[in-house]
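As stored in start-v2.txt (compact mmCIF, C-alpha atoms (C1' of nucleotides)):
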# COMPACT_ATOMS: atom_id res chain seq x y z
CA MET A 1 74.29 205.04 -3.13
CA GLU A 2 70.72 204.75 -1.88
CA GLN A 3 68.26 205.03 -4.71
CA ARG A 4 65.67 207.78 -4.58
CA ASP A 5 61.97 207.16 -4.10
CA TYR A 6 61.28 207.58 -7.79
CA PHE A 7 63.64 204.69 -8.41
CA GLU A 8 61.08 202.48 -6.70
CA ASP A 9 58.35 204.13 -8.73
CA VAL A 10 60.22 203.35 -11.92
CA TYR A 11 60.64 199.74 -10.85
CA ASP A 12 56.94 199.52 -10.04
CA VAL A 13 55.93 200.84 -13.44
CA VAL A 14 58.31 198.47 -15.21
CA ARG A 15 56.89 195.55 -13.22
CA LEU A 16 53.40 196.56 -14.39
CA ILE A 17 54.37 196.08 -18.02
CA PRO A 18 52.36 193.10 -19.33
CA PRO A 19 54.30 190.24 -20.95
CA GLY A 20 54.78 190.75 -24.64
CA ARG A 21 54.70 194.52 -24.25
CA VAL A 22 57.44 197.10 -24.00
CA THR A 23 57.73 200.73 -22.98
CA THR A 24 60.19 203.56 -23.35
CA TYR A 25 62.33 205.49 -20.90
CA GLY A 26 60.61 208.71 -21.86
CA ALA A 27 57.15 207.22 -21.31
CA ILE A 28 58.06 206.21 -17.77
CA ALA A 29 59.68 209.56 -17.09
CA ARG A 30 56.61 211.41 -18.34
CA TYR A 31 54.23 209.17 -16.42
CA LEU A 32 56.13 209.77 -13.18
CA SER A 33 56.57 213.45 -14.10
CA LEU A 34 60.31 213.10 -13.68
CA ARG A 35 61.90 216.44 -14.39
CA ALA A 36 65.18 214.61 -14.81
CA GLY A 37 63.85 213.01 -17.96
CA ALA A 38 64.65 209.69 -19.54
CA ARG A 39 68.27 209.67 -18.48
CA MET A 40 67.43 209.03 -14.85
CA VAL A 41 65.11 206.23 -15.90
CA GLY A 42 68.04 204.60 -17.64
CA TRP A 43 70.11 205.15 -14.53
CA ALA A 44 67.36 203.60 -12.44
CA MET A 45 67.42 200.63 -14.76
CA ASN A 46 71.13 200.35 -14.20
CA ALA A 47 70.50 200.14 -10.46
CA ALA A 48 67.51 197.88 -11.08
CA HIS A 49 69.69 195.27 -12.70
CA GLY A 50 69.71 192.22 -10.46
CA ARG A 51 66.29 192.97 -9.01
CA ASP A 52 62.85 191.72 -9.94
CA VAL A 53 62.58 194.34 -12.65
CA PRO A 54 62.00 193.22 -16.26
CA ALA A 55 64.39 195.80 -17.66
CA HIS A 56 64.35 194.01 -21.01
CA ARG A 57 60.88 195.47 -21.58
CA VAL A 58 62.26 199.00 -21.47
CA VAL A 59 63.80 200.39 -24.63
CA ASN A 60 64.50 203.79 -26.10
CA ARG A 61 61.95 205.81 -28.04
CA ILE A 62 62.67 204.16 -31.38
CA GLY A 63 62.42 200.61 -30.04
CA VAL A 64 66.13 199.85 -30.10
CA LEU A 65 67.56 197.61 -27.43
CA SER A 66 70.03 200.19 -26.22
CA GLY A 67 70.52 198.35 -22.95
CA LYS A 68 71.16 194.91 -24.32
CA HIS A 69 74.87 195.28 -23.65
CA PHE A 70 74.09 195.31 -19.94
CA PHE A 71 72.45 191.89 -19.97
CA GLY A 72 75.68 189.97 -20.04
CA SER A 73 75.10 188.59 -23.50
CA PRO A 74 74.43 190.62 -26.65
CA THR A 75 71.39 188.49 -27.34
CA ALA A 76 70.13 187.99 -23.79
CA MET A 77 67.71 190.91 -23.94
CA GLN A 78 66.53 189.91 -27.40
CA ASP A 79 66.02 186.34 -26.24
CA LEU A 80 63.97 187.44 -23.24
CA LEU A 81 61.72 189.55 -25.47
CA ALA A 82 61.42 186.76 -28.03
CA ALA A 83 60.38 184.40 -25.26
CA GLU A 84 57.47 186.74 -24.53
CA GLY A 85 56.43 186.93 -28.16
CA VAL A 86 58.13 190.19 -29.02
CA ARG A 87 59.93 189.99 -32.33
CA VAL A 88 63.34 191.61 -32.36
CA THR A 89 65.35 192.07 -35.53
CA ASP A 90 68.71 193.77 -35.73
CA ASP A 91 68.37 195.00 -32.12
CA ARG A 92 65.09 196.63 -33.03
CA ILE A 93 61.58 195.68 -31.96
CA GLU A 94 59.26 194.83 -34.84
CA GLN A 95 55.81 196.45 -34.80
CA PHE A 96 57.01 198.70 -32.01
CA ASP A 97 53.79 200.76 -32.19
CA LYS A 98 51.70 197.69 -31.40
CA VAL A 99 53.78 196.23 -28.58
CA LEU A 100 54.37 199.65 -27.07
CA TRP A 101 52.79 199.94 -23.64
CA ASP A 102 52.54 203.55 -22.56
CA PRO A 103 51.67 203.88 -18.84
CA THR A 104 50.30 207.37 -19.45
CA THR A 105 47.77 205.92 -21.88
CA GLU A 106 47.36 202.29 -20.86
CA LEU A 107 47.78 202.49 -17.10
CA GLN A 108 46.70 206.05 -16.34
C1' DG B 109 86.02 219.60 -5.90
C1' DA B 110 85.38 220.19 -10.90
C1' DA B 111 84.66 217.65 -15.08
C1' DC B 112 83.03 213.62 -17.68
C1' DT B 113 79.97 210.09 -18.69
C1' DG B 114 75.66 207.65 -19.26
C1' DA B 115 70.32 201.92 -20.65
C1' DC B 116 67.58 209.43 -23.42
C1' DT B 117 64.88 213.00 -25.49
C1' DC B 118 63.61 217.31 -27.65
C1' DA B 119 64.38 221.51 -30.13
C1' DG B 120 66.82 223.97 -33.45
C1' DC B 121 69.32 224.40 -37.86
C1' DG C 122 64.80 215.47 -43.42
C1' DG C 123 69.20 214.27 -41.21
C1' DC C 124 72.58 216.15 -37.95
C1' DT C 125 74.08 218.87 -33.78
C1' DG C 126 73.62 220.83 -29.33
C1' DA C 127 71.67 221.35 -24.94
C1' DG C 128 69.51 219.61 -20.58
C1' DC C 129 68.21 216.80 -16.94
C1' DC C 130 70.49 213.82 -12.19
C1' DA C 131 73.67 210.73 -10.20
C1' DG C 132 77.81 208.22 -9.97
C1' DT C 133 82.64 207.93 -11.24
C1' DT C 134 87.31 209.81 -12.17
Any chance you could give the structure as C-alpha cells?
Amino acid sequence: MEQRDYFEDVYDVVRLIPPGRVTTYGAIARYLSLRAGARMVGWAMNAAHGRDVPAHRVVNRIGVLSGKHFFGSPTAMQDLLAAEGVRVTDDRIEQFDKVLWDPTTELQ
DNA sequence: GAACTGACTCAGC
DNA sequence: GGCTGAGCCAGTT
C-alpha cells in the first residue's frame, strides 16, 4: 500500500503548480520520465487525495475535469478552479492553452 | 493466482 | 478526421 518514490515526486510537481494554472497527467509523467505513463499519475492522484496536493489543478490532456467525480461533489473541482481564476465550462477548462502549466517547459 | 479496472495517452486505421 | 486498440503499473476482485 506504500506509495512509490515517484508518488512523492508527482505530489511535489503538483504542489509547484502556480494558482490559476493547471497541468496534465501526461505532462507530469513526461517531466518525471515515468515509463508507466499518465495512468500512474492518475493513480498517484487517487492516493494523493486527502493530502496537501492540489489535485484539482491536474486534468487530462484536453482540459476536461476527468477527476471531478472524486472530489465528493460534481462541482467541487470546478469551484476550486474558479476560485483561482480558472474558468470552467461544461467540465472543460476555458483557454486551456493559456492556463496550461507544463513543468517540462515552465519548471524545467 | 489470474483477470479486470482505472483521475491517460499515443499510434494506427 | 473520428474511432479503436494497445500499453503502462498498481490495487481490487
Mind listing as a ChimeraX atom specification all residues within 9 Å of (67.4, 199.3, -21.4), counting all atoms listed in the file?
/A:24-25,42,45-46,55-60,64-70,77 /B:115
When the cut-off is 8 Å and we count all atoms listed in the file, which residues of chain C are near chain A, given as a ChimeraX atom specification?
/C:129-131
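Minimum atom-to-atom distance to B:DC116, evaluated using all atoms listed in the file, belongs to A:Ala29 out of A:Ile17, A:Val10, A:Leu81, A:Ala29.
In this structure, atom CA of A:Tyr6 sits 12.1 Å away from atom CA of A:Ala47.
One finds atom CA of A:Arg61 at 8.3 Å from atom CA of A:Thr23.
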Give me, as a ChimeraX atom specification, all polymer residues having an atom no more than 12 Å from C:DG126, counting all atoms listed in the file and skipping those fewer than 4 positions away in the same chain.
/B:118-121
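Here atom CA of A:Phe7 is placed at a distance of 23.3 Å from atom C1' of B:DC112.
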Axis-aligned box for all listed atoms of stretch 11-26 of chain A, 3 Å per side, centre and edges in Å to one decimal, as AutoDock Vina command-line options:
--center_x 57.3 --center_y 199.5 --center_z -17.3 --size_x 16.0 --size_y 24.5 --size_z 20.6
Counting only C-alpha atoms (C1' of nucleotides), note down every residue that has an atom within 7 Å of the point (78.4, 210.0, -13.7) (file coordinates), as a PDB file with C-alpha atoms (C1' of nucleotides), in the frame of the given file.
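Dumped everything to point_37.pdb:
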ATOM      1  C1'  DT B 113      79.970 210.090 -18.690  1.00  0.00           C
ATOM      2  C1'  DG B 114      75.660 207.650 -19.260  1.00  0.00           C
TER       3       DG B 114
ATOM      4  C1'  DA C 131      73.670 210.730 -10.200  1.00  0.00           C
ATOM      5  C1'  DG C 132      77.810 208.220  -9.970  1.00  0.00           C
ATOM      6  C1'  DT C 133      82.640 207.930 -11.240  1.00  0.00           C
TER       7       DT C 133
END
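When all atoms listed in the file are used to compute distances to chain B, the closest of the residues A:Ile93, A:Ile28, A:Ala82, A:Leu100 turns out to be A:Ile28.
Nearest residue to chain B among A:Pro18, A:Gly26, A:Pro103, A:Pro54 is A:Gly26, counting all atoms listed in the file.
With distances taken over only C-alpha atoms (C1' of nucleotides), A:His49 is the one residue among A:His49, A:Arg87, A:Arg92, A:Arg15 lying closest to chain B.
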For A:Ala83: contacts at 9 Å, only C-alpha atoms (C1' of nucleotides), fewer than 4 positions along chain excluded, given as a ChimeraX atom specification
/A:20,78-79
Write out the residues from the selection above, keeping C-alpha atoms, as a JSON list (two decimals), in the coordinates of the input.
[["chain", "number", "residue", "atom", "x", "y", "z"],
["A", 20, "GLY", "CA", 54.78, 190.75, -24.64],
["A", 78, "GLN", "CA", 66.53, 189.91, -27.40],
["A", 79, "ASP", "CA", 66.02, 186.34, -26.24]]
